[in-house]
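A.B. asks: Sharing a structure here in structure tokens format.
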Amino acid sequence: MEFRFTEEQQMIRDTAEAFLSEVSTAAAVREAMATERGYSDALWQQISEELMWPALHIPEAFGGLGLGFVELAAMQEQMGRTLLCAPFLSTVGFAVNALLVAGSEAQQTAYLGDIAAGKTATLAFMAPGSRPDADAIQATCRSEGDGFVLDGEYRYVLDGHTADILVLAARAPGSAGTEGVSLFVLPASTAGISREWLPTMDQTRKQARIVLENVQVERSACMGEPGQAWPALAKTLDLATIALAAEQVGVAQQALDSSVAYTTERVQFGRTIASYQAIKHKAADMMLKVEAARSAAYYAACIADEALAGGPLGSGLAEAASIAKAYCSEAAFFNAGCGIQLHGGVGITSEYDIQLYFKRAKSAETLLGDAAWHRERLAQQLLDGGEA
Amino acid sequence: MKLSFSPEDERFREEVAIWLADNLCGEFEPIRFRGGPGDEHSFVEERKAWEQKLAEGGWTCIGWPKQYGGRAASVEQQVIFNEEYARAGGPGRMGHIGETLMGPTLIAFGSEAQRERYLPGIRAGREFWCQGYSEPSAGSDLANVKSRARLNEGTGQWQINGQKVWTSLAHESQYVFVIARTDPDSSAHKGLGFFLVAMDQPGVTVRPIEQLTGTSEFNEVFFDDAVCAADDIVGAPGEGWKVAMGLLGFERGVSTLGQQMLFQNELDEIVRVAKANGAACDPALRQRIAEAHIGLRIMRFNSMRMLSGGGDDGSLQKEAMIYKLYWSSWHRNLGKLAMDVLGAESEIVPEAPYGLSRLQSMYLFTRADTIYGGTNQIQRNIIAERALGMPREPRG
């Protein structure tokens, strides 16, 4: 048992930390978040073409680096720490995982190769006002000739207005729940798809609305068997959830670090406020949260590795994802909220960064199920099966 | 990162499990799952006999070097032993203070004569130890001990006077290790000595402290001219603090996974009750049961990190520094959850006049978890100062 980074993993983490601290500065984040697009093309090119980060856990056969989910989690954590504005979670956490789980070899060859070469992608499944379970899928797909016709509306699609490639979930007309679900992968430029940026409270991550009107796709765009895609989509969402949880660890860590730094400088009553127990104890609670969150996220990342490789621990994916997301969501929100409090008055100004972490913590909590949603999912497993 | 144990360790696990299945039965059946925290007063004689059974099988002190009767078991193997022990319902260990605290301290700081004198009795499960650290005015501020030790030139013995408190198993132990002031003019952590003292002597009086559970795990111990031999001091006079702190560093978390197995037993019982009485359908309680489950799973992941990470400089890693605050808070919440799941039935004591159920006793006793071994407030100071580098508290 070696539940810690290998030397190589530590190196990847350190490299990401060093690079991101240079490029994802407070000024760079503010510049990117003020745009509708939400990220700098030049930076994305550097990340994808020079560093090949989106190719991190894409197998070498498809032009990737062939590394594992732990490496991915290490990178997401650093992205969270610096609030990197880039379509990374959408492209890698959602779309790459969908292709790895559900894509045919032809789809993987085409699209994973594109992504490894710098294209962006995302996954759309949620209807307006829905929660992230099977009932969220309201877009429809009906067979027509050799292909399908897709209709419907998605909201909350990460980077949906800028992605080059779309993975779409849709259901057979009249089906409900986990039945009748299909997944498609297609270019965002396909006729009949309209996309619109949705302004968000957390400006560091962009969301979009996507409308499908009579979108005609070929049979080859369907991932796996039509109508049978729910298990693959559920697995994909669990994997994305774990990547997001790792990012939340980074948010929680930075909220703590910046608060310790601020309170160590701020002087009141002739002492730094960090010398007061009221402040120290709050900081200690924040450290407890972030360390426990880190344990949960990296355990889940190990399980994700197994799940992608077909290992024996992979059956624990949904549980590990829910444990990580429930805890990391609350840890990031707690730390960012306490962070504002510890910053005092400047915490609510736009000038200081802590407000950006507070907003990211909330958007990340909501995305892919908040803590209560994941606890209920675990409760069903604990309490609703078997004998009383 | 790798989550699984090696095949060699898995074989060790099997060996432990088989031995426990073959031996923790028959006369020992009644003590399965007994004698844990809050239940330490139960089945004392049977548990002492069990210690000797363990010793015969070579399952006491497995982490000790072979020359002192141990197995030189790796950290992984010690974890596995503790985990399997708890899974099998192994009773609370009467010998744990000797095995995990006294023994390693003597091996690190003791003289060869002290090791020869005291280690075999611990290893054989025949001699039990208790800990004489806290005093009425030395709780969180442990360095404020007032007990005194004076070398009597006439008898050639150390004479000890003072009072210790919160001493677990004092009335069941043959020996106590005591920190006391060798320099009467000293203060704080200077001028202390670390002594090995026999309990069965006129100068030592034990008085049980009745707790809110109605039972007495803890005691007061009074020393009135109690004596020990001139060479029953570990380290030199004045080095007591170093030895005392060294002792606290030995536990190193190998028992944490075993402790978590006990917690899992408690949580399983709560889930059973919830399913049976309908609490499992209450949305708020469902949330809290799931939260308890999440908390316990993460406690395990924390331990796995703690046990995997060998900080080369011996300093505590962050996941180790949060461990006490984390588990004690979690367990205290579990106690409250147990009562809320039981509902109205939680008030009814099964045996008159005050024979509490396991969950009731757990609920009440978990209020001690956030106090002993460093209160949550002290833990937060330690985390803030040592892990986060925030300013230290002023010390008198």
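Here, A, B, ... name the chains of the structure tokens in the order displayed, residue numbers run from 1 inside each chain, and ligands are numbered from 1 in the same displayed order.
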Find the residues of chain B in contact range of chain A, meaning any atom within 9 Å when counting only C-alpha atoms, and list them as number ranges by chain.
C.D. replies: B: 1-6, 76, 271-277, 280-281, 283, 286-291, 293-295, 297-302, 304-309, 318-319, 321-323, 325-326, 377, 379-385, 387-393
A.B. asks: Name the residues of stretch 160-279 of chain A that come out as helix (DSSP H, G or I) in a backbone DSSP run; write them as a PyMOL selection string.
C.D. replies: chain A and resi 219-221+230-265+273-275+277-279
A.B. asks: Export C-alpha atoms of the chosen residues as a compact mmCIF listing (two decimals), in the first residue's frame?
C.D. replies:
```
# COMPACT_ATOMS: atom_id res chain seq x y z
CA ARG A 219 -25.35 6.12 -37.11
CA SER A 220 -21.59 6.42 -36.65
CA ALA A 221 -22.08 9.36 -34.26
CA TRP A 230 -27.05 5.25 -19.24
CA PRO A 231 -24.43 3.06 -17.52
CA ALA A 232 -21.68 4.59 -19.67
CA LEU A 233 -22.96 8.12 -19.06
CA ALA A 234 -23.25 7.46 -15.31
CA LYS A 235 -19.67 6.22 -15.25
CA THR A 236 -18.53 9.25 -17.24
CA LEU A 237 -20.27 11.59 -14.81
CA ASP A 238 -18.65 9.81 -11.87
CA LEU A 239 -15.23 10.26 -13.47
CA ALA A 240 -15.92 13.94 -14.16
CA THR A 241 -17.14 14.30 -10.59
CA ILE A 242 -13.83 12.99 -9.27
CA ALA A 243 -11.84 15.37 -11.48
CA LEU A 244 -14.00 18.21 -10.17
CA ALA A 245 -13.49 17.09 -6.57
CA ALA A 246 -9.72 17.29 -7.06
CA GLU A 247 -10.17 20.81 -8.35
CA GLN A 248 -12.22 21.66 -5.24
CA VAL A 249 -9.28 20.54 -3.10
CA GLY A 250 -7.17 23.18 -4.84
CA VAL A 251 -9.83 25.83 -4.22
CA ALA A 252 -10.02 24.86 -0.55
CA GLN A 253 -6.23 24.91 -0.22
CA GLN A 254 -5.82 28.34 -1.77
CA ALA A 255 -8.64 29.80 0.33
CA LEU A 256 -6.74 28.60 3.40
CA ASP A 257 -3.31 29.71 2.22
CA SER A 258 -4.41 33.19 1.23
CA SER A 259 -6.26 33.60 4.52
CA VAL A 260 -3.24 32.57 6.57
CA ALA A 261 -1.09 34.96 4.55
CA TYR A 262 -3.53 37.84 4.99
CA THR A 263 -4.09 37.35 8.72
CA THR A 264 -0.35 37.07 9.26
CA GLU A 265 0.10 40.57 7.85
CA ILE A 273 -4.69 38.98 13.81
CA ALA A 274 -3.20 35.52 13.09
CA SER A 275 -2.02 35.56 16.71
CA GLN A 277 -7.01 32.00 18.80
CA ALA A 278 -10.33 32.90 17.23
CA ILE A 279 -8.48 33.20 13.93
```
A.B. asks: Residues within 7 Å of A:Arg171, please, as a list in words. Count only C-alpha atoms; anything in the same chain fewer than 3 positions from it doesn't count.
C.D. replies: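 So the residues in contact are Ile137, Gln138, Ala139, Thr140, Cys141, Ser175, Gly180, Val181, Ser182 and Gly227 of chain A.
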A.B. asks: Pick out the residues sitting within 7 Å of B:Tyr175, and hand them over as number ranges by chain; count only C-alpha atoms, and ignore anything fewer than 4 positions along from it in its own chain.
C.D. replies: B: 128-130, 196-199
A.B. asks: Can you pull out every residue within 8 Å of B:Ala180, counting only C-alpha atoms, but drop anything in the same chain fewer than 6 positions away, and send it as a PyMOL selection string?
C.D. replies: chain B and resi 145-149+160+192-195+240
A.B. asks: Identify, on the basis of only C-alpha atoms, every residue whose closest approach to B:Ser140 does not exceed 12 Å; exclude the query and any residue fewer than 3 positions from it along the same chain; express the result as an mmCIF file with N, CA and C atoms, in the first residue's frame.
C.D. replies:
```cif
data_model
loop_
_atom_site.group_PDB
_atom_site.id
_atom_site.type_symbol
_atom_site.label_atom_id
_atom_site.label_comp_id
_atom_site.auth_asym_id
_atom_site.auth_seq_id
_atom_site.Cartn_x
_atom_site.Cartn_y
_atom_site.Cartn_z
ATOM 1 N N TYR B 133 0.635 10.795 33.882
ATOM 2 C CA TYR B 133 1.002 12.084 33.293
ATOM 3 C C TYR B 133 0.175 13.218 33.899
ATOM 4 N N SER B 134 -1.162 13.206 33.607
ATOM 5 C CA SER B 134 -2.001 14.345 33.987
ATOM 6 C C SER B 134 -2.100 14.500 35.499
ATOM 7 N N GLU B 135 -2.254 15.738 35.926
ATOM 8 C CA GLU B 135 -2.482 16.064 37.332
ATOM 9 C C GLU B 135 -3.623 17.072 37.384
ATOM 10 N N PRO B 136 -4.142 17.288 38.613
ATOM 11 C CA PRO B 136 -5.256 18.253 38.694
ATOM 12 C C PRO B 136 -4.920 19.610 38.068
ATOM 13 N N SER B 137 -3.663 20.054 38.199
ATOM 14 C CA SER B 137 -3.335 21.355 37.609
ATOM 15 C C SER B 137 -2.462 21.205 36.366
ATOM 16 N N ALA B 143 3.123 20.315 31.201
ATOM 17 C CA ALA B 143 4.423 20.629 31.803
ATOM 18 C C ALA B 143 4.281 21.232 33.196
ATOM 19 N N ASN B 144 3.056 21.513 33.592
ATOM 20 C CA ASN B 144 2.842 22.113 34.910
ATOM 21 C C ASN B 144 2.727 21.060 36.022
ATOM 22 N N VAL B 145 3.359 19.894 35.858
ATOM 23 C CA VAL B 145 3.225 18.861 36.888
ATOM 24 C C VAL B 145 3.862 19.344 38.198
ATOM 25 N N ILE B 371 -11.807 15.592 24.494
ATOM 26 C CA ILE B 371 -11.104 16.200 25.635
ATOM 27 C C ILE B 371 -9.775 15.490 25.924
ATOM 28 N N TYR B 372 -9.843 14.145 26.085
ATOM 29 C CA TYR B 372 -8.604 13.468 26.508
ATOM 30 C C TYR B 372 -7.595 13.411 25.344
ATOM 31 N N GLY B 373 -6.332 13.221 25.725
ATOM 32 C CA GLY B 373 -5.286 13.131 24.701
ATOM 33 C C GLY B 373 -5.089 14.416 23.928
ATOM 34 N N GLY B 374 -5.407 15.543 24.559
ATOM 35 C CA GLY B 374 -5.303 16.834 23.858
ATOM 36 C C GLY B 374 -6.674 17.268 23.382
ATOM 37 N N THR B 375 -7.245 18.276 24.045
ATOM 38 C CA THR B 375 -8.591 18.721 23.687
ATOM 39 C C THR B 375 -8.628 19.236 22.247
ATOM 40 N N ASN B 376 -9.838 19.348 21.714
ATOM 41 C CA ASN B 376 -9.959 19.890 20.353
ATOM 42 C C ASN B 376 -9.350 21.283 20.250
ATOM 43 N N GLN B 377 -9.443 22.042 21.349
ATOM 44 C CA GLN B 377 -8.897 23.399 21.322
ATOM 45 C C GLN B 377 -7.366 23.362 21.260
ATOM 46 N N ILE B 378 -6.780 22.449 22.041
ATOM 47 C CA ILE B 378 -5.326 22.298 21.978
ATOM 48 C C ILE B 378 -4.898 21.782 20.597
ATOM 49 N N GLN B 379 -5.685 20.835 20.060
ATOM 50 C CA GLN B 379 -5.358 20.319 18.717
ATOM 51 C C GLN B 379 -5.334 21.450 17.695
ATOM 52 N N ASN B 381 -4.783 24.618 18.252
ATOM 53 C CA ASN B 381 -3.564 25.414 18.460
ATOM 54 C C ASN B 381 -2.371 24.753 17.776
ATOM 55 N N ILE B 382 -2.255 23.434 17.994
ATOM 56 C CA ILE B 382 -1.103 22.714 17.430
ATOM 57 C C ILE B 382 -1.108 22.806 15.908
#
```
A.B. asks: From the list A:Asp353, A:Asp159, A:Glu144, A:Glu105, which residue is nearest A:Ala124 when using only C-alpha atoms?
C.D. replies: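 Ranking A:Asp353, A:Asp159, A:Glu144, A:Glu105 by distance to A:Ala124, first place goes to A:Asp159.
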A.B. asks: Can you pull out the residues contacting A:Ala27? Cut-off 12 Å, using only C-alpha atoms, and skip same-chain residues under 2 positions away; I want them as a JSON list (two decimals) with C-alpha atoms, in the first residue's frame.
C.D. replies:
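So the final result, stored in out-v9.json, reads:
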```
[["chain", "number", "residue", "atom", "x", "y", "z"],
["A", 21, "SER", "CA", 1.57, 30.18, -10.92],
["A", 22, "GLU", "CA", 3.21, 31.99, -13.83],
["A", 23, "VAL", "CA", 0.40, 31.97, -16.38],
["A", 24, "SER", "CA", -2.77, 31.84, -14.27],
["A", 25, "THR", "CA", -2.06, 34.97, -12.28],
["A", 29, "VAL", "CA", -7.74, 35.25, -14.53],
["A", 30, "ARG", "CA", -9.45, 38.64, -14.43],
["A", 31, "GLU", "CA", -8.70, 39.30, -18.08],
["A", 32, "ALA", "CA", -9.98, 35.91, -19.23],
["A", 33, "MET", "CA", -13.10, 35.88, -17.08],
["A", 34, "ALA", "CA", -14.21, 39.23, -18.45],
["A", 82, "THR", "CA", -5.01, 29.13, -9.48],
["A", 83, "LEU", "CA", -8.59, 29.30, -10.84],
["A", 84, "LEU", "CA", -7.23, 28.54, -14.28],
["A", 85, "CYS", "CA", -9.62, 29.87, -16.92],
["A", 351, "GLU", "CA", -9.95, 43.67, -5.69],
["A", 352, "TYR", "CA", -9.06, 40.70, -3.48],
["A", 353, "ASP", "CA", -9.06, 37.21, -4.97]]
```
